[in-house]
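Just coords_1.pdb here, PDB, C-alpha atoms:
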```pdb
ATOM      1  CA  MET A  76     -19.027  10.238  -2.376  1.00  0.00           C
ATOM      2  CA  LYS A  77     -17.839   6.703  -1.717  1.00  0.00           C
ATOM      3  CA  HIS A  78     -14.161   6.057  -2.558  1.00  0.00           C
ATOM      4  CA  LEU A  79     -13.239   2.592  -3.771  1.00  0.00           C
ATOM      5  CA  PHE A  80      -9.764   1.109  -3.714  1.00  0.00           C
ATOM      6  CA  THR A  81      -9.191  -1.339  -6.544  1.00  0.00           C
ATOM      7  CA  LEU A  82      -6.085  -2.388  -8.406  1.00  0.00           C
ATOM      8  CA  LEU A  83      -5.635  -2.834 -12.136  1.00  0.00           C
ATOM      9  CA  THR A  84      -2.103  -4.055 -12.752  1.00  0.00           C
ATOM     10  CA  ALA A  85       0.572  -5.826 -10.818  1.00  0.00           C
ATOM     11  CA  ILE A  86       4.155  -6.634 -11.797  1.00  0.00           C
ATOM     12  CA  VAL A  87       6.163  -5.234 -14.705  1.00  0.00           C
ATOM     13  CA  PHE A  88       9.203  -7.262 -15.867  1.00  0.00           C
ATOM     14  CA  VAL A  89      11.650  -6.849 -18.731  1.00  0.00           C
ATOM     15  CA  PHE A  90      12.313 -10.012 -20.739  1.00  0.00           C
ATOM     16  CA  SER A  91      15.720 -10.148 -22.386  1.00  0.00           C
ATOM     17  CA  GLY A  92      16.621 -13.386 -24.161  1.00  0.00           C
ATOM     18  CA  LEU A  93      16.240 -16.298 -21.759  1.00  0.00           C
ATOM     19  CA  THR A  94      16.750 -14.244 -18.580  1.00  0.00           C
ATOM     20  CA  LEU A  95      13.963 -12.499 -16.711  1.00  0.00           C
ATOM     21  CA  HIS A  96      15.215  -9.257 -15.134  1.00  0.00           C
ATOM     22  CA  ALA A  97      13.009  -7.494 -12.617  1.00  0.00           C
ATOM     23  CA  GLN A  98      13.084  -3.736 -12.934  1.00  0.00           C
ATOM     24  CA  GLU A  99      14.083  -1.633  -9.936  1.00  0.00           C
ATOM     25  CA  GLU A 100      10.413  -1.057  -9.236  1.00  0.00           C
ATOM     26  CA  THR A 101       6.998  -2.641  -9.643  1.00  0.00           C
ATOM     27  CA  LEU A 102       4.361  -0.377 -11.152  1.00  0.00           C
ATOM     28  CA  VAL A 103       0.776  -0.492  -9.864  1.00  0.00           C
ATOM     29  CA  VAL A 104      -2.316   1.473 -10.856  1.00  0.00           C
ATOM     30  CA  ILE A 105      -4.965   2.016  -8.189  1.00  0.00           C
ATOM     31  CA  ASP A 106      -8.327   2.624  -9.831  1.00  0.00           C
ATOM     32  CA  THR A 107     -10.755   4.715  -7.750  1.00  0.00           C
ATOM     33  CA  ASP A 108     -14.072   6.398  -8.469  1.00  0.00           C
ATOM     34  CA  MET A 109     -12.113   9.694  -8.353  1.00  0.00           C
ATOM     35  CA  GLY A 110      -9.505   8.602 -10.929  1.00  0.00           C
ATOM     36  CA  LYS A 111      -6.356   6.514 -11.165  1.00  0.00           C
ATOM     37  CA  ILE A 112      -3.331   6.646  -8.861  1.00  0.00           C
ATOM     38  CA  LYS A 113      -0.022   5.300 -10.219  1.00  0.00           C
ATOM     39  CA  VAL A 114       2.421   3.978  -7.625  1.00  0.00           C
ATOM     40  CA  LYS A 115       5.848   2.335  -7.538  1.00  0.00           C
ATOM     41  CA  LEU A 116       6.803  -0.541  -5.282  1.00  0.00           C
ATOM     42  CA  TYR A 117      10.575  -0.790  -4.843  1.00  0.00           C
ATOM     43  CA  ASN A 118      12.445  -4.081  -5.074  1.00  0.00           C
ATOM     44  CA  ASP A 119      14.761  -3.113  -2.214  1.00  0.00           C
ATOM     45  CA  THR A 120      11.749  -3.297   0.134  1.00  0.00           C
ATOM     46  CA  PRO A 121      10.761  -6.842  -0.910  1.00  0.00           C
ATOM     47  CA  LEU A 122       8.668  -7.748   2.145  1.00  0.00           C
ATOM     48  CA  HIS A 123       6.378  -4.742   1.696  1.00  0.00           C
ATOM     49  CA  ARG A 124       6.309  -5.075  -2.099  1.00  0.00           C
ATOM     50  CA  ASP A 125       5.461  -8.784  -1.979  1.00  0.00           C
ATOM     51  CA  ASN A 126       2.854  -8.280   0.746  1.00  0.00           C
ATOM     52  CA  PHE A 127       1.126  -5.562  -1.299  1.00  0.00           C
ATOM     53  CA  ILE A 128       1.211  -7.691  -4.479  1.00  0.00           C
ATOM     54  CA  LYS A 129      -0.144 -10.687  -2.523  1.00  0.00           C
ATOM     55  CA  HIS A 130      -3.153  -8.617  -1.464  1.00  0.00           C
ATOM     56  CA  VAL A 131      -3.624  -7.301  -5.002  1.00  0.00           C
ATOM     57  CA  ASN A 132      -3.671 -10.859  -6.361  1.00  0.00           C
ATOM     58  CA  GLU A 133      -6.053 -11.986  -3.606  1.00  0.00           C
ATOM     59  CA  ASN A 134      -8.395  -8.988  -4.297  1.00  0.00           C
ATOM     60  CA  THR A 135      -8.033  -7.902  -0.659  1.00  0.00           C
ATOM     61  CA  TYR A 136      -8.179  -4.219  -1.601  1.00  0.00           C
ATOM     62  CA  ASP A 137     -11.081  -4.436  -4.055  1.00  0.00           C
ATOM     63  CA  GLY A 138     -13.984  -2.364  -2.786  1.00  0.00           C
ATOM     64  CA  LEU A 139     -12.172  -0.881   0.232  1.00  0.00           C
ATOM     65  CA  LEU A 140     -12.971   2.670   1.257  1.00  0.00           C
ATOM     66  CA  PHE A 141     -10.424   5.425   1.680  1.00  0.00           C
ATOM     67  CA  HIS A 142     -11.369   5.863   5.340  1.00  0.00           C
ATOM     68  CA  ARG A 143      -9.046   8.746   6.175  1.00  0.00           C
ATOM     69  CA  VAL A 144      -8.672  11.729   3.861  1.00  0.00           C
ATOM     70  CA  ILE A 145      -6.828  14.807   5.133  1.00  0.00           C
ATOM     71  CA  LYS A 146      -6.446  17.552   2.534  1.00  0.00           C
ATOM     72  CA  GLN A 147      -2.833  18.427   1.671  1.00  0.00           C
ATOM     73  CA  PHE A 148      -1.583  15.646   3.968  1.00  0.00           C
ATOM     74  CA  MET A 149      -2.653  12.059   3.305  1.00  0.00           C
ATOM     75  CA  ILE A 150      -5.218   9.512   2.251  1.00  0.00           C
ATOM     76  CA  GLN A 151      -5.480   6.119   3.908  1.00  0.00           C
ATOM     77  CA  ALA A 152      -7.117   2.836   3.014  1.00  0.00           C
ATOM     78  CA  GLY A 153      -6.534  -0.763   4.014  1.00  0.00           C
ATOM     79  CA  ASP A 154      -9.200  -1.458   6.647  1.00  0.00           C
ATOM     80  CA  VAL A 155     -10.372  -4.898   5.483  1.00  0.00           C
ATOM     81  CA  ASN A 156     -13.655  -4.485   7.378  1.00  0.00           C
ATOM     82  CA  LEU A 157     -14.722  -1.538   5.221  1.00  0.00           C
ATOM     83  CA  LYS A 158     -15.827  -3.183   2.003  1.00  0.00           C
ATOM     84  CA  ASP A 159     -19.035  -1.277   1.270  1.00  0.00           C
ATOM     85  CA  ALA A 160     -19.332  -0.273   4.931  1.00  0.00           C
ATOM     86  CA  PRO A 161     -22.483   1.534   6.094  1.00  0.00           C
ATOM     87  CA  LEU A 162     -22.182   5.245   6.916  1.00  0.00           C
ATOM     88  CA  ASP A 163     -22.273   4.716  10.696  1.00  0.00           C
ATOM     89  CA  SER A 164     -19.290   2.299  10.751  1.00  0.00           C
ATOM     90  CA  ILE A 165     -16.218   2.877  12.907  1.00  0.00           C
ATOM     91  CA  LEU A 166     -13.410   3.350  10.398  1.00  0.00           C
ATOM     92  CA  GLY A 167      -9.776   2.318  10.307  1.00  0.00           C
ATOM     93  CA  SER A 168      -9.488  -0.448  12.885  1.00  0.00           C
ATOM     94  CA  GLY A 169      -9.701  -3.554  10.679  1.00  0.00           C
ATOM     95  CA  ASP A 170      -6.430  -5.300   9.850  1.00  0.00           C
ATOM     96  CA  LEU A 171      -5.168  -8.824   9.363  1.00  0.00           C
ATOM     97  CA  ASP A 172      -3.470 -10.853  12.097  1.00  0.00           C
ATOM     98  CA  TYR A 173       0.142 -10.270  11.090  1.00  0.00           C
ATOM     99  CA  THR A 174       2.613  -7.437  10.515  1.00  0.00           C
ATOM    100  CA  VAL A 175       5.384  -6.855   7.979  1.00  0.00           C
ATOM    101  CA  PRO A 176       8.902  -6.407   9.432  1.00  0.00           C
ATOM    102  CA  ALA A 177      10.376  -2.927   9.041  1.00  0.00           C
ATOM    103  CA  GLU A 178      12.391  -2.231   5.887  1.00  0.00           C
ATOM    104  CA  ILE A 179      13.285   1.381   6.602  1.00  0.00           C
ATOM    105  CA  ILE A 180      15.808   2.666   4.066  1.00  0.00           C
ATOM    106  CA  TYR A 181      16.452   6.238   5.148  1.00  0.00           C
ATOM    107  CA  PRO A 182      17.356   8.656   3.649  1.00  0.00           C
ATOM    108  CA  LYS A 183      16.758   6.905   0.319  1.00  0.00           C
ATOM    109  CA  TYR A 184      13.034   6.523   1.036  1.00  0.00           C
ATOM    110  CA  PHE A 185      11.099   8.657   3.470  1.00  0.00           C
ATOM    111  CA  HIS A 186       7.604  10.008   4.025  1.00  0.00           C
ATOM    112  CA  LYS A 187       7.177  12.784   1.488  1.00  0.00           C
ATOM    113  CA  TRP A 188       4.483  14.143  -0.798  1.00  0.00           C
ATOM    114  CA  GLY A 189       3.271  11.347  -3.055  1.00  0.00           C
ATOM    115  CA  ALA A 190       4.885   8.475  -1.146  1.00  0.00           C
ATOM    116  CA  LEU A 191       2.991   5.209  -0.744  1.00  0.00           C
ATOM    117  CA  CYS A 192       3.541   4.043   2.817  1.00  0.00           C
ATOM    118  CA  ALA A 193       2.424   1.267   5.120  1.00  0.00           C
ATOM    119  CA  ALA A 194       0.657   2.253   8.322  1.00  0.00           C
ATOM    120  CA  ARG A 195       1.893   0.996  11.678  1.00  0.00           C
ATOM    121  CA  THR A 196       1.084   1.343  15.335  1.00  0.00           C
ATOM    122  CA  PRO A 197       3.065   3.889  17.408  1.00  0.00           C
ATOM    123  CA  ASP A 198       6.615   3.112  18.566  1.00  0.00           C
ATOM    124  CA  GLU A 199       5.636   2.706  22.242  1.00  0.00           C
ATOM    125  CA  HIS A 200       3.497  -0.300  21.232  1.00  0.00           C
ATOM    126  CA  ASN A 201       5.655  -1.348  18.273  1.00  0.00           C
ATOM    127  CA  PRO A 202       9.393  -0.808  18.939  1.00  0.00           C
ATOM    128  CA  GLU A 203      10.260  -3.018  15.947  1.00  0.00           C
ATOM    129  CA  LYS A 204       8.382  -0.517  13.707  1.00  0.00           C
ATOM    130  CA  ALA A 205       6.590  -3.371  11.923  1.00  0.00           C
ATOM    131  CA  SER A 206       3.965  -2.321   9.375  1.00  0.00           C
ATOM    132  CA  SER A 207       0.290  -3.129   9.185  1.00  0.00           C
ATOM    133  CA  ALA A 208      -0.555  -6.139   7.002  1.00  0.00           C
ATOM    134  CA  THR A 209      -2.829  -4.065   4.767  1.00  0.00           C
TER     135      THR A 209
END
```
File written out as structure tokens:
Amino acid sequence: MKHLFTLLTAIVFVFSGLTLHAQEETLVVIDTDMGKIKVKLYNDTPLHRDNFIKHVNENTYDGLLFHRVIKQFMIQAGDVNLKDAPLDSILGSGDLDYTVPAEIIYPKYFHKWGALCAARTPDEHNPEKASSAT
């Protein structure tokens, strides 16, 4: 079954009087043909948050396939070449021509069950630990 990666909502703010206060997190719903996935984007990782929101607003993720699904481990999407890709396509190598600087905040945030993360190339090719654009 084909998995689609589309986004429904973007930023959630709290309006109080004349001041706009951003919450500690941005809430996003990813709508797939297998159901909805709710995620949080944290304000203390603004480069990654803003990059993700930029792609949501530009519809970059609409129609993308989840090209890597490993039971009990991870799912991965973001290959911009995979919008409605044919079955014989090579998966997972399409990205944009920039990276997002690392915003590693350990131990506050780390790779754990349910975490939304940005992919990146291995350290030997990427000592700055910059993330993939998508």
* To do: For atom CA of A:Val155 and atom CA of A:Tyr184, determine how far apart the two atoms are, in Å to one decimal place.
  => 26.4 Å
* Structure fact -> One decimal place gives the atom CA of A:Ile128-atom CA of A:Leu191 separation as 13.5 Å
Evaluate the PyMOL selection byres ((chain A and resi 192) around 12) against this structure - the residues, as a short mmCIF file (atom, residue, chain, number, x, y, z; two decimals) with C-alpha atoms, in the coordinates of the input, please.
```cif
data_model
loop_
_atom_site.label_atom_id
_atom_site.label_comp_id
_atom_site.auth_asym_id
_atom_site.auth_seq_id
_atom_site.Cartn_x
_atom_site.Cartn_y
_atom_site.Cartn_z
CA VAL A 114 2.42 3.98 -7.62
CA LYS A 115 5.85 2.34 -7.54
CA LEU A 116 6.80 -0.54 -5.28
CA TYR A 117 10.58 -0.79 -4.84
CA THR A 120 11.75 -3.30 0.13
CA HIS A 123 6.38 -4.74 1.70
CA ARG A 124 6.31 -5.08 -2.10
CA PHE A 127 1.13 -5.56 -1.30
CA MET A 149 -2.65 12.06 3.30
CA ILE A 150 -5.22 9.51 2.25
CA GLN A 151 -5.48 6.12 3.91
CA ALA A 152 -7.12 2.84 3.01
CA GLY A 153 -6.53 -0.76 4.01
CA ALA A 177 10.38 -2.93 9.04
CA GLU A 178 12.39 -2.23 5.89
CA ILE A 179 13.28 1.38 6.60
CA TYR A 184 13.03 6.52 1.04
CA PHE A 185 11.10 8.66 3.47
CA HIS A 186 7.60 10.01 4.03
CA LYS A 187 7.18 12.78 1.49
CA TRP A 188 4.48 14.14 -0.80
CA GLY A 189 3.27 11.35 -3.06
CA ALA A 190 4.88 8.48 -1.15
CA LEU A 191 2.99 5.21 -0.74
CA ALA A 193 2.42 1.27 5.12
CA ALA A 194 0.66 2.25 8.32
CA ARG A 195 1.89 1.00 11.68
CA SER A 206 3.96 -2.32 9.38
CA SER A 207 0.29 -3.13 9.18
CA ALA A 208 -0.56 -6.14 7.00
CA THR A 209 -2.83 -4.07 4.77
#
```
* **Separation of atom CA of A:Asn126 from atom CA of A:Ile180 in Å** =>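 Atom CA of A:Asn126 lies at a distance of 17.3 Å from atom CA of A:Ile180.
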Set up a box along x, y and z of the file covering all listed atoms of stretch 153-159 of chain A, add 4 Å on every one of the six sides, and write the centre and edge lengths in Å to one decimal, as lines of an AutoDock Vina configuration file.
```
center_x = -12.8
center_y = -2.8
center_z = 4.3
size_x = 20.5
size_y = 12.1
size_z = 14.1
```
Residues proximal to (-12.0, -4.7, 5.6) were defined as those with any atom within 8 Å of that point in the file's coordinates, counting only C-alpha atoms. Which are they, as a PDB file with C-alpha atoms, in the coordinates of the input?
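Generated file (result.pdb):
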```pdb
ATOM      1  CA  LEU A 139     -12.172  -0.881   0.232  1.00  0.00           C
ATOM      2  CA  GLY A 153      -6.534  -0.763   4.014  1.00  0.00           C
ATOM      3  CA  ASP A 154      -9.200  -1.458   6.647  1.00  0.00           C
ATOM      4  CA  VAL A 155     -10.372  -4.898   5.483  1.00  0.00           C
ATOM      5  CA  ASN A 156     -13.655  -4.485   7.378  1.00  0.00           C
ATOM      6  CA  LEU A 157     -14.722  -1.538   5.221  1.00  0.00           C
ATOM      7  CA  LYS A 158     -15.827  -3.183   2.003  1.00  0.00           C
ATOM      8  CA  GLY A 169      -9.701  -3.554  10.679  1.00  0.00           C
ATOM      9  CA  ASP A 170      -6.430  -5.300   9.850  1.00  0.00           C
TER      10      ASP A 170
END
```
* To do: Enumerate, as a list of chain:residue names, the protein, DNA and RNA residues whose atoms approach (6.8, -3.2, 10.0) to within 6 Å, taking into account all atoms listed in the file and the coordinate frame of the file.
  => A:Thr174, A:Val175, A:Pro176, A:Ala177, A:Lys204, A:Ala205, A:Ser206
